[in-house]
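File shown: structure_27.cif (mmCIF, N, CA and C atoms).
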data_final
#
loop_
_atom_site.label_atom_id
_atom_site.label_comp_id
_atom_site.auth_asym_id
_atom_site.auth_seq_id
_atom_site.Cartn_x
_atom_site.Cartn_y
_atom_site.Cartn_z
N MET A 1 4.32 -7.63 -21.11
CA MET A 1 3.73 -8.13 -19.87
C MET A 1 3.40 -6.96 -18.96
N SER A 2 2.29 -7.03 -18.26
CA SER A 2 1.90 -5.94 -17.37
C SER A 2 2.85 -5.85 -16.18
N ALA A 3 2.89 -4.66 -15.62
CA ALA A 3 3.74 -4.42 -14.46
C ALA A 3 2.86 -4.13 -13.25
N PHE A 4 3.25 -4.68 -12.10
CA PHE A 4 2.55 -4.46 -10.84
C PHE A 4 3.49 -3.78 -9.85
N HIS A 5 2.93 -2.92 -9.04
CA HIS A 5 3.64 -2.32 -7.91
C HIS A 5 2.73 -2.54 -6.70
N VAL A 6 3.25 -3.20 -5.67
CA VAL A 6 2.46 -3.55 -4.50
C VAL A 6 3.12 -2.95 -3.26
N TYR A 7 2.31 -2.24 -2.47
CA TYR A 7 2.84 -1.65 -1.25
C TYR A 7 1.74 -1.49 -0.21
N LEU A 8 2.15 -1.38 1.04
CA LEU A 8 1.25 -1.15 2.16
C LEU A 8 1.31 0.34 2.49
N ARG A 9 0.14 0.96 2.61
CA ARG A 9 0.08 2.39 2.91
C ARG A 9 -0.70 2.59 4.21
N VAL A 10 -0.12 3.37 5.11
CA VAL A 10 -0.77 3.75 6.36
C VAL A 10 -0.94 5.27 6.31
N VAL A 11 -2.16 5.74 6.50
CA VAL A 11 -2.46 7.17 6.45
C VAL A 11 -3.07 7.59 7.78
N SER A 12 -2.54 8.68 8.34
CA SER A 12 -3.05 9.18 9.63
C SER A 12 -3.20 10.70 9.59
N ASP A 13 -4.29 11.17 10.17
CA ASP A 13 -4.51 12.61 10.31
C ASP A 13 -3.86 13.18 11.56
N THR A 14 -3.36 12.30 12.43
CA THR A 14 -2.86 12.78 13.72
C THR A 14 -1.43 12.34 14.05
N LEU A 15 -1.00 11.19 13.56
CA LEU A 15 0.31 10.65 13.94
C LEU A 15 1.41 11.08 12.96
N ARG A 16 2.60 11.30 13.49
CA ARG A 16 3.78 11.58 12.67
C ARG A 16 4.39 10.25 12.22
N PRO A 17 5.19 10.24 11.14
CA PRO A 17 5.78 8.98 10.67
C PRO A 17 6.55 8.23 11.76
N GLU A 18 7.30 8.95 12.58
CA GLU A 18 8.07 8.27 13.63
C GLU A 18 7.17 7.65 14.70
N GLU A 19 6.00 8.24 14.93
CA GLU A 19 5.05 7.64 15.87
C GLU A 19 4.45 6.36 15.29
N ILE A 20 4.15 6.38 14.01
CA ILE A 20 3.64 5.17 13.36
C ILE A 20 4.70 4.08 13.41
N SER A 21 5.94 4.43 13.10
CA SER A 21 7.04 3.45 13.15
C SER A 21 7.19 2.86 14.54
N ALA A 22 7.10 3.70 15.58
CA ALA A 22 7.22 3.21 16.95
C ALA A 22 6.09 2.25 17.29
N ARG A 23 4.88 2.57 16.88
CA ARG A 23 3.72 1.71 17.17
C ARG A 23 3.81 0.38 16.42
N LEU A 24 4.37 0.43 15.21
CA LEU A 24 4.45 -0.79 14.40
C LEU A 24 5.72 -1.59 14.65
N GLY A 25 6.71 -0.96 15.27
CA GLY A 25 7.99 -1.63 15.47
C GLY A 25 8.69 -1.87 14.14
N ALA A 26 8.48 -0.97 13.19
CA ALA A 26 9.06 -1.12 11.85
C ALA A 26 9.27 0.26 11.25
N ARG A 27 10.21 0.33 10.33
CA ARG A 27 10.49 1.58 9.64
C ARG A 27 9.86 1.55 8.25
N PRO A 28 9.45 2.71 7.75
CA PRO A 28 8.86 2.74 6.42
C PRO A 28 9.94 2.77 5.34
N ASP A 29 9.55 2.44 4.14
CA ASP A 29 10.43 2.64 2.99
C ASP A 29 10.31 4.07 2.48
N GLU A 30 9.17 4.68 2.81
CA GLU A 30 8.90 6.06 2.41
C GLU A 30 7.87 6.63 3.38
N ALA A 31 8.01 7.90 3.72
CA ALA A 31 7.02 8.54 4.59
C ALA A 31 6.96 10.03 4.29
N THR A 32 5.77 10.59 4.42
CA THR A 32 5.59 12.03 4.28
C THR A 32 4.77 12.51 5.47
N PRO A 33 5.27 13.51 6.20
CA PRO A 33 4.57 13.97 7.40
C PRO A 33 3.47 15.00 7.09
N ILE A 34 2.60 15.15 8.05
CA ILE A 34 1.60 16.22 8.01
C ILE A 34 2.35 17.54 7.86
N GLY A 35 1.83 18.40 7.01
CA GLY A 35 2.43 19.71 6.83
C GLY A 35 3.48 19.79 5.73
N SER A 36 3.96 18.64 5.26
CA SER A 36 4.95 18.66 4.18
C SER A 36 4.25 19.04 2.87
N ARG A 37 5.04 19.38 1.88
CA ARG A 37 4.50 19.80 0.58
C ARG A 37 5.15 18.99 -0.54
N ARG A 38 4.36 18.66 -1.55
CA ARG A 38 4.90 17.99 -2.74
C ARG A 38 5.80 18.95 -3.51
N HIS A 39 5.33 20.18 -3.66
CA HIS A 39 6.04 21.24 -4.36
C HIS A 39 5.91 22.49 -3.50
N PRO A 40 6.82 23.45 -3.65
CA PRO A 40 6.71 24.67 -2.83
C PRO A 40 5.35 25.36 -2.94
N GLN A 41 4.73 25.29 -4.10
CA GLN A 41 3.45 25.96 -4.28
C GLN A 41 2.26 25.11 -3.84
N SER A 42 2.49 23.84 -3.53
CA SER A 42 1.40 22.96 -3.09
C SER A 42 0.93 23.30 -1.69
N PRO A 43 -0.34 23.04 -1.39
CA PRO A 43 -0.79 23.24 0.00
C PRO A 43 -0.16 22.19 0.91
N PRO A 44 -0.02 22.50 2.19
CA PRO A 44 0.54 21.52 3.13
C PRO A 44 -0.35 20.27 3.20
N ARG A 45 0.29 19.13 3.35
CA ARG A 45 -0.45 17.86 3.47
C ARG A 45 -1.24 17.87 4.78
N SER A 46 -2.44 17.32 4.70
CA SER A 46 -3.30 17.26 5.88
C SER A 46 -3.17 15.93 6.61
N HIS A 47 -2.31 15.05 6.12
CA HIS A 47 -2.16 13.73 6.74
C HIS A 47 -0.73 13.21 6.53
N THR A 48 -0.38 12.25 7.36
CA THR A 48 0.88 11.52 7.23
C THR A 48 0.65 10.29 6.37
N THR A 49 1.61 9.99 5.52
CA THR A 49 1.58 8.73 4.76
C THR A 49 2.84 7.95 5.09
N TRP A 50 2.67 6.69 5.43
CA TRP A 50 3.75 5.77 5.82
C TRP A 50 3.65 4.59 4.88
N ILE A 51 4.72 4.28 4.14
CA ILE A 51 4.66 3.23 3.11
C ILE A 51 5.72 2.16 3.33
N ARG A 52 5.28 0.91 3.20
CA ARG A 52 6.18 -0.25 3.22
C ARG A 52 6.03 -0.94 1.87
N GLU A 53 7.12 -1.05 1.13
CA GLU A 53 7.13 -1.65 -0.20
C GLU A 53 7.12 -3.18 -0.13
N ALA A 54 6.23 -3.79 -0.91
CA ALA A 54 6.28 -5.24 -1.09
C ALA A 54 7.12 -5.56 -2.32
N GLY A 55 7.06 -4.68 -3.33
CA GLY A 55 7.90 -4.85 -4.51
C GLY A 55 7.13 -4.73 -5.80
N ARG A 56 7.79 -5.14 -6.85
CA ARG A 56 7.22 -5.12 -8.19
C ARG A 56 7.18 -6.55 -8.71
N GLY A 57 6.04 -6.92 -9.23
CA GLY A 57 5.82 -8.28 -9.71
C GLY A 57 4.37 -8.65 -9.49
N ARG A 58 3.99 -9.83 -9.91
CA ARG A 58 2.60 -10.26 -9.73
C ARG A 58 2.29 -10.33 -8.24
N PRO A 59 1.08 -9.88 -7.85
CA PRO A 59 0.71 -9.92 -6.43
C PRO A 59 0.85 -11.32 -5.83
N GLU A 60 0.50 -12.34 -6.59
CA GLU A 60 0.62 -13.70 -6.07
C GLU A 60 2.08 -14.03 -5.73
N ASP A 61 3.02 -13.51 -6.50
CA ASP A 61 4.44 -13.76 -6.25
C ASP A 61 4.97 -12.95 -5.08
N LEU A 62 4.29 -11.84 -4.75
CA LEU A 62 4.74 -10.98 -3.66
C LEU A 62 4.08 -11.32 -2.32
N GLU A 63 3.12 -12.23 -2.34
CA GLU A 63 2.47 -12.62 -1.08
C GLU A 63 3.46 -13.08 -0.02
N PRO A 64 4.48 -13.89 -0.36
CA PRO A 64 5.43 -14.30 0.69
C PRO A 64 6.14 -13.12 1.35
N VAL A 65 6.37 -12.05 0.60
CA VAL A 65 7.01 -10.86 1.17
C VAL A 65 6.10 -10.27 2.24
N ILE A 66 4.83 -10.10 1.91
CA ILE A 66 3.88 -9.50 2.85
C ILE A 66 3.69 -10.40 4.06
N LEU A 67 3.51 -11.69 3.83
CA LEU A 67 3.31 -12.61 4.95
C LEU A 67 4.54 -12.67 5.84
N ALA A 68 5.73 -12.46 5.28
CA ALA A 68 6.96 -12.47 6.07
C ALA A 68 7.06 -11.27 7.00
N TRP A 69 6.27 -10.23 6.75
CA TRP A 69 6.25 -9.10 7.68
C TRP A 69 5.73 -9.53 9.04
N GLY A 70 4.98 -10.63 9.06
CA GLY A 70 4.62 -11.26 10.31
C GLY A 70 3.26 -10.90 10.88
N ALA A 71 2.80 -11.79 11.74
CA ALA A 71 1.50 -11.64 12.38
C ALA A 71 1.48 -10.48 13.38
N GLU A 72 2.60 -10.25 14.07
CA GLU A 72 2.64 -9.16 15.05
C GLU A 72 2.56 -7.81 14.37
N PHE A 73 3.21 -7.67 13.22
CA PHE A 73 3.13 -6.44 12.45
C PHE A 73 1.69 -6.21 11.99
N ALA A 74 1.04 -7.26 11.51
CA ALA A 74 -0.37 -7.16 11.09
C ALA A 74 -1.24 -6.76 12.27
N ALA A 75 -1.01 -7.35 13.43
CA ALA A 75 -1.79 -7.01 14.62
C ALA A 75 -1.57 -5.56 15.04
N ALA A 76 -0.34 -5.07 14.94
CA ALA A 76 -0.04 -3.67 15.28
C ALA A 76 -0.75 -2.73 14.32
N LEU A 77 -0.79 -3.08 13.04
CA LEU A 77 -1.54 -2.29 12.06
C LEU A 77 -3.02 -2.28 12.44
N GLY A 78 -3.54 -3.44 12.79
CA GLY A 78 -4.95 -3.55 13.18
C GLY A 78 -5.28 -2.70 14.39
N ARG A 79 -4.36 -2.61 15.35
CA ARG A 79 -4.59 -1.77 16.53
C ARG A 79 -4.68 -0.29 16.14
N LEU A 80 -3.80 0.15 15.24
CA LEU A 80 -3.88 1.54 14.77
C LEU A 80 -5.23 1.81 14.11
N ALA A 81 -5.67 0.88 13.28
CA ALA A 81 -6.95 1.05 12.59
C ALA A 81 -8.12 1.00 13.56
N ASP A 82 -8.08 0.06 14.51
CA ASP A 82 -9.17 -0.08 15.48
C ASP A 82 -9.33 1.16 16.35
N LEU A 83 -8.23 1.84 16.62
CA LEU A 83 -8.28 3.06 17.44
C LEU A 83 -8.59 4.29 16.61
N ASP A 84 -8.89 4.08 15.33
CA ASP A 84 -9.16 5.18 14.39
C ASP A 84 -8.02 6.18 14.31
N GLU A 85 -6.80 5.68 14.52
CA GLU A 85 -5.63 6.55 14.42
C GLU A 85 -5.00 6.51 13.03
N ALA A 86 -5.41 5.52 12.22
CA ALA A 86 -4.84 5.39 10.89
C ALA A 86 -5.75 4.54 10.02
N MET A 87 -5.59 4.71 8.73
CA MET A 87 -6.23 3.87 7.73
C MET A 87 -5.12 3.05 7.10
N VAL A 88 -5.35 1.75 6.97
CA VAL A 88 -4.36 0.83 6.43
C VAL A 88 -4.88 0.27 5.11
N CYS A 89 -4.01 0.20 4.11
CA CYS A 89 -4.45 -0.25 2.80
C CYS A 89 -3.31 -0.97 2.08
N LEU A 90 -3.62 -2.12 1.49
CA LEU A 90 -2.68 -2.76 0.58
C LEU A 90 -3.01 -2.23 -0.81
N GLN A 91 -2.05 -1.60 -1.42
CA GLN A 91 -2.23 -0.96 -2.72
C GLN A 91 -1.60 -1.83 -3.81
N ILE A 92 -2.38 -2.17 -4.82
CA ILE A 92 -1.87 -2.89 -5.99
C ILE A 92 -2.10 -1.99 -7.19
N VAL A 93 -1.02 -1.58 -7.84
CA VAL A 93 -1.10 -0.74 -9.01
C VAL A 93 -0.61 -1.57 -10.20
N GLN A 94 -1.45 -1.66 -11.22
CA GLN A 94 -1.12 -2.46 -12.40
C GLN A 94 -1.16 -1.59 -13.65
N SER A 95 -0.12 -1.70 -14.45
CA SER A 95 -0.10 -1.08 -15.77
C SER A 95 -0.21 -2.20 -16.79
N VAL A 96 -1.33 -2.24 -17.48
CA VAL A 96 -1.59 -3.29 -18.47
C VAL A 96 -1.07 -2.84 -19.82
N ASP A 97 -0.25 -3.68 -20.44
CA ASP A 97 0.27 -3.39 -21.78
C ASP A 97 -0.69 -3.83 -22.86
N ASP A 98 -1.26 -5.05 -22.66
CA ASP A 98 -2.11 -5.64 -23.69
C ASP A 98 -3.36 -6.24 -23.03
N PRO A 99 -4.50 -5.53 -23.08
CA PRO A 99 -5.72 -6.03 -22.45
C PRO A 99 -6.24 -7.33 -23.07
N GLU A 100 -5.76 -7.68 -24.25
CA GLU A 100 -6.19 -8.93 -24.91
C GLU A 100 -5.41 -10.13 -24.39
N ASP A 101 -4.33 -9.91 -23.66
CA ASP A 101 -3.49 -10.99 -23.14
C ASP A 101 -4.09 -11.51 -21.84
N PRO A 102 -4.59 -12.76 -21.83
CA PRO A 102 -5.21 -13.28 -20.60
C PRO A 102 -4.24 -13.39 -19.43
N GLN A 103 -2.94 -13.42 -19.68
CA GLN A 103 -1.95 -13.48 -18.60
C GLN A 103 -1.91 -12.17 -17.81
N GLN A 104 -2.41 -11.09 -18.42
CA GLN A 104 -2.37 -9.79 -17.75
C GLN A 104 -3.66 -9.49 -17.00
N LEU A 105 -4.63 -10.36 -17.12
CA LEU A 105 -5.92 -10.11 -16.48
C LEU A 105 -6.08 -10.98 -15.25
N GLY A 106 -6.71 -10.42 -14.25
CA GLY A 106 -7.00 -11.18 -13.05
C GLY A 106 -5.92 -11.10 -12.00
N ILE A 107 -6.36 -11.01 -10.77
CA ILE A 107 -5.46 -11.00 -9.62
C ILE A 107 -6.05 -11.98 -8.61
N ALA A 108 -5.24 -12.92 -8.17
CA ALA A 108 -5.70 -13.91 -7.20
C ALA A 108 -4.94 -13.71 -5.89
N LEU A 109 -5.68 -13.58 -4.80
CA LEU A 109 -5.08 -13.44 -3.48
C LEU A 109 -5.43 -14.66 -2.65
N SER A 110 -4.45 -15.22 -1.97
CA SER A 110 -4.64 -16.45 -1.21
C SER A 110 -5.36 -16.20 0.11
N ALA A 111 -5.90 -17.27 0.67
CA ALA A 111 -6.56 -17.18 1.98
C ALA A 111 -5.60 -16.69 3.07
N PRO A 112 -4.34 -17.16 3.12
CA PRO A 112 -3.43 -16.62 4.15
C PRO A 112 -3.21 -15.11 4.02
N LEU A 113 -3.11 -14.60 2.78
CA LEU A 113 -2.94 -13.16 2.62
C LEU A 113 -4.20 -12.42 3.04
N LEU A 114 -5.37 -12.93 2.67
CA LEU A 114 -6.62 -12.28 3.08
C LEU A 114 -6.75 -12.28 4.60
N ALA A 115 -6.33 -13.35 5.26
CA ALA A 115 -6.37 -13.40 6.72
C ALA A 115 -5.41 -12.37 7.31
N TRP A 116 -4.22 -12.23 6.72
CA TRP A 116 -3.25 -11.23 7.19
C TRP A 116 -3.84 -9.83 7.05
N LEU A 117 -4.46 -9.56 5.90
CA LEU A 117 -5.09 -8.25 5.67
C LEU A 117 -6.21 -8.00 6.67
N ALA A 118 -6.98 -9.03 6.99
CA ALA A 118 -8.06 -8.88 7.97
C ALA A 118 -7.49 -8.54 9.35
N THR A 119 -6.42 -9.21 9.75
CA THR A 119 -5.78 -8.92 11.03
C THR A 119 -5.27 -7.48 11.05
N ALA A 120 -4.73 -7.03 9.92
CA ALA A 120 -4.20 -5.67 9.80
C ALA A 120 -5.31 -4.63 9.64
N ARG A 121 -6.55 -5.09 9.51
CA ARG A 121 -7.69 -4.20 9.25
C ARG A 121 -7.42 -3.35 8.01
N ALA A 122 -6.81 -4.00 7.01
CA ALA A 122 -6.38 -3.31 5.80
C ALA A 122 -7.41 -3.41 4.69
N ALA A 123 -7.64 -2.30 4.03
CA ALA A 123 -8.43 -2.29 2.81
C ALA A 123 -7.54 -2.77 1.67
N LEU A 124 -8.16 -3.11 0.57
CA LEU A 124 -7.43 -3.49 -0.64
C LEU A 124 -7.82 -2.50 -1.73
N ASP A 125 -6.85 -1.86 -2.32
CA ASP A 125 -7.10 -0.89 -3.39
C ASP A 125 -6.33 -1.35 -4.62
N VAL A 126 -7.05 -1.63 -5.71
CA VAL A 126 -6.44 -2.07 -6.96
C VAL A 126 -6.67 -0.98 -7.99
N ASP A 127 -5.57 -0.40 -8.47
CA ASP A 127 -5.63 0.59 -9.54
C ASP A 127 -5.07 -0.06 -10.79
N GLN A 128 -5.82 -0.01 -11.88
CA GLN A 128 -5.37 -0.61 -13.14
C GLN A 128 -5.36 0.47 -14.21
N TYR A 129 -4.24 0.56 -14.88
CA TYR A 129 -4.04 1.54 -15.94
C TYR A 129 -3.93 0.80 -17.27
N LEU A 130 -4.84 1.12 -18.18
CA LEU A 130 -4.90 0.47 -19.48
C LEU A 130 -4.39 1.40 -20.56
N PRO A 131 -3.84 0.83 -21.64
CA PRO A 131 -3.37 1.70 -22.73
C PRO A 131 -4.55 2.38 -23.41
N ILE A 132 -4.32 3.57 -23.89
CA ILE A 132 -5.35 4.31 -24.62
C ILE A 132 -5.35 3.82 -26.05
N ARG A 133 -6.50 3.48 -26.53
CA ARG A 133 -6.63 2.99 -27.91
C ARG A 133 -7.35 4.04 -28.74
N ASP A 134 -6.88 4.20 -29.96
CA ASP A 134 -7.54 5.14 -30.88
C ASP A 134 -8.69 4.50 -31.58
#

File written out as structure tokens:
Amino acid sequence: MSAFHVYLRVVSDTLRPEEISARLGARPDEATPIGSRRHPQSPPRSHTTWIREAGRGRPEDLEPVILAWGAEFAAALGRLADLDEAMVCLQIVQSVDDPEDPQQLGIALSAPLLAWLATARAALDVDQYLPIRD
């Protein structure tokens, strides 16, 4: 069965993670500040990344998690985006084991989740990784 990883990502060229947290009234599950490095030899990051995990599982099953973050959180995200202080994105990463299995194909998002994303001014990014076939 394919595996999904779903998370909300906020990226800013100007705000530090603690500033994003203060504006959103929430703490991230993961954050990397401007100027940090992945490895000592890597160039410094030019942006902050703030991540809130929805979890692992089918996106349809994780919708209640995202909706439970609430309308005020979505509105706060939307304010950051409207002020051009951050880019907001719901990231869905899928690793497909068997492309022939119809259970692994397709992602359905409900109207309430789409409305939440619209309030948050969030983009949707779906990355799908398929097995390499010889």

Checklist line | Chain and number of each residue from the PyMOL selection byres (((chain A and resi 80 and name CA) around 12) and name CA), as an NGL selection string | finding: :A and (10-15 or 19-24 or 73-79 or 81-88 or 119-122)

Note to self: Since I can't run it myself right now, could you work out what the PyMOL selection byres (((chain A and resi 98 and name CA) around 12) and name CA) selects here and report it as a ChimeraX atom specification?
What the structure shows: /A:1-3,94-97,99-105,129-133

Item checked: Close residues, Thr49 in chain A itself excluded, 7 Å, only N, CA and C atoms, min 6 positions apart in chain, as a PyMOL selection string -> chain A and resi 9-12+17+30-34

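Atom to atom, CA of Val65 in chain A and CA of Arg52 in chain A stand 10.8 Å apart.
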
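Backbone DSSP assigns alpha helix (DSSP H) in range 5-72 of chain A to Pro17, Glu18, Glu19, Ile20, Ser21, Ala22, Arg23, Leu24, Pro59, Glu60, Asp61, Leu62, Glu63, Pro64, Val65, Ile66, Leu67, Ala68, Ala71 and Glu72 of chain A.
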
Next item on the list: Rank A:Gly106, A:Val6, A:Val126, A:Ala118 by their smallest atom-to-atom distance to Arg56 in chain A, using all atoms listed in the file, and report the top residue only.
Entry: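 Smallest distance to Arg56 in chain A is found for A:Val6.
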
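With atom C of Val93 in chain A on one side and atom C of Asp125 in chain A on the other, the separation reads 8.0 Å.
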
Next item on the list: To one decimal in Å, tell me the separation between CA of Trp50 in chain A and CA of Arg38 in chain A.
Entry: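 Going from CA of Trp50 in chain A over to CA of Arg38 in chain A, I get 15.0 Å.
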
Any chance you could model N, CA, C and O atoms for range 78-102 of chain A and send them as a compact mmCIF listing (two decimals), in the coordinates of the input?
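The resulting out-v8.txt:
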# COMPACT_ATOMS: atom_id res chain seq x y z
N GLY A 78 -3.54 -3.44 12.79
CA GLY A 78 -4.95 -3.55 13.18
C GLY A 78 -5.28 -2.70 14.39
O GLY A 78 -6.36 -2.09 14.45
N ARG A 79 -4.36 -2.61 15.35
CA ARG A 79 -4.59 -1.77 16.53
C ARG A 79 -4.68 -0.29 16.14
O ARG A 79 -5.54 0.44 16.64
N LEU A 80 -3.80 0.15 15.24
CA LEU A 80 -3.88 1.54 14.77
C LEU A 80 -5.23 1.81 14.11
O LEU A 80 -5.85 2.85 14.35
N ALA A 81 -5.67 0.88 13.28
CA ALA A 81 -6.95 1.05 12.59
C ALA A 81 -8.12 1.00 13.56
O ALA A 81 -9.05 1.80 13.47
N ASP A 82 -8.08 0.06 14.51
CA ASP A 82 -9.17 -0.08 15.48
C ASP A 82 -9.33 1.16 16.35
O ASP A 82 -10.44 1.48 16.77
N LEU A 83 -8.23 1.84 16.62
CA LEU A 83 -8.28 3.06 17.44
C LEU A 83 -8.59 4.29 16.61
O LEU A 83 -8.56 5.41 17.12
N ASP A 84 -8.89 4.08 15.33
CA ASP A 84 -9.16 5.18 14.39
C ASP A 84 -8.02 6.18 14.31
O ASP A 84 -8.22 7.37 14.07
N GLU A 85 -6.80 5.68 14.52
CA GLU A 85 -5.63 6.55 14.42
C GLU A 85 -5.00 6.51 13.03
O GLU A 85 -4.16 7.35 12.71
N ALA A 86 -5.41 5.52 12.22
CA ALA A 86 -4.84 5.39 10.89
C ALA A 86 -5.75 4.54 10.02
O ALA A 86 -6.55 3.75 10.52
N MET A 87 -5.59 4.71 8.73
CA MET A 87 -6.23 3.87 7.73
C MET A 87 -5.12 3.05 7.10
O MET A 87 -4.06 3.58 6.76
N VAL A 88 -5.35 1.75 6.97
CA VAL A 88 -4.36 0.83 6.43
C VAL A 88 -4.88 0.27 5.11
O VAL A 88 -6.06 -0.10 5.02
N CYS A 89 -4.01 0.20 4.11
CA CYS A 89 -4.45 -0.25 2.80
C CYS A 89 -3.31 -0.97 2.08
O CYS A 89 -2.18 -0.48 2.07
N LEU A 90 -3.62 -2.12 1.49
CA LEU A 90 -2.68 -2.76 0.58
C LEU A 90 -3.01 -2.23 -0.81
O LEU A 90 -4.14 -2.38 -1.29
N GLN A 91 -2.05 -1.60 -1.42
CA GLN A 91 -2.23 -0.96 -2.72
C GLN A 91 -1.60 -1.83 -3.81
O GLN A 91 -0.43 -2.20 -3.70
N ILE A 92 -2.38 -2.17 -4.82
CA ILE A 92 -1.87 -2.89 -5.99
C ILE A 92 -2.10 -1.99 -7.19
O ILE A 92 -3.24 -1.64 -7.51
N VAL A 93 -1.02 -1.58 -7.84
CA VAL A 93 -1.10 -0.74 -9.01
C VAL A 93 -0.61 -1.57 -10.20
O VAL A 93 0.50 -2.11 -10.16
N GLN A 94 -1.45 -1.66 -11.22
CA GLN A 94 -1.12 -2.46 -12.40
C GLN A 94 -1.16 -1.59 -13.65
O GLN A 94 -2.11 -0.86 -13.88
N SER A 95 -0.12 -1.70 -14.45
CA SER A 95 -0.10 -1.08 -15.77
C SER A 95 -0.21 -2.20 -16.79
O SER A 95 0.68 -3.04 -16.91
N VAL A 96 -1.33 -2.24 -17.48
CA VAL A 96 -1.59 -3.29 -18.47
C VAL A 96 -1.07 -2.84 -19.82
O VAL A 96 -1.40 -1.76 -20.29
N ASP A 97 -0.25 -3.68 -20.44
CA ASP A 97 0.27 -3.39 -21.78
C ASP A 97 -0.69 -3.83 -22.86
O ASP A 97 -0.90 -3.14 -23.84
N ASP A 98 -1.26 -5.05 -22.66
CA ASP A 98 -2.11 -5.64 -23.69
C ASP A 98 -3.36 -6.24 -23.03
O ASP A 98 -3.32 -7.34 -22.49
N PRO A 99 -4.50 -5.53 -23.08
CA PRO A 99 -5.72 -6.03 -22.45
C PRO A 99 -6.24 -7.33 -23.07
O PRO A 99 -7.08 -8.00 -22.47
N GLU A 100 -5.76 -7.68 -24.25
CA GLU A 100 -6.19 -8.93 -24.91
C GLU A 100 -5.41 -10.13 -24.39
O GLU A 100 -5.79 -11.28 -24.64
N ASP A 101 -4.33 -9.91 -23.66
CA ASP A 101 -3.49 -10.99 -23.14
C ASP A 101 -4.09 -11.51 -21.84
O ASP A 101 -4.09 -10.80 -20.83
N PRO A 102 -4.59 -12.76 -21.83
CA PRO A 102 -5.21 -13.28 -20.60
C PRO A 102 -4.24 -13.39 -19.43
O PRO A 102 -4.66 -13.40 -18.27
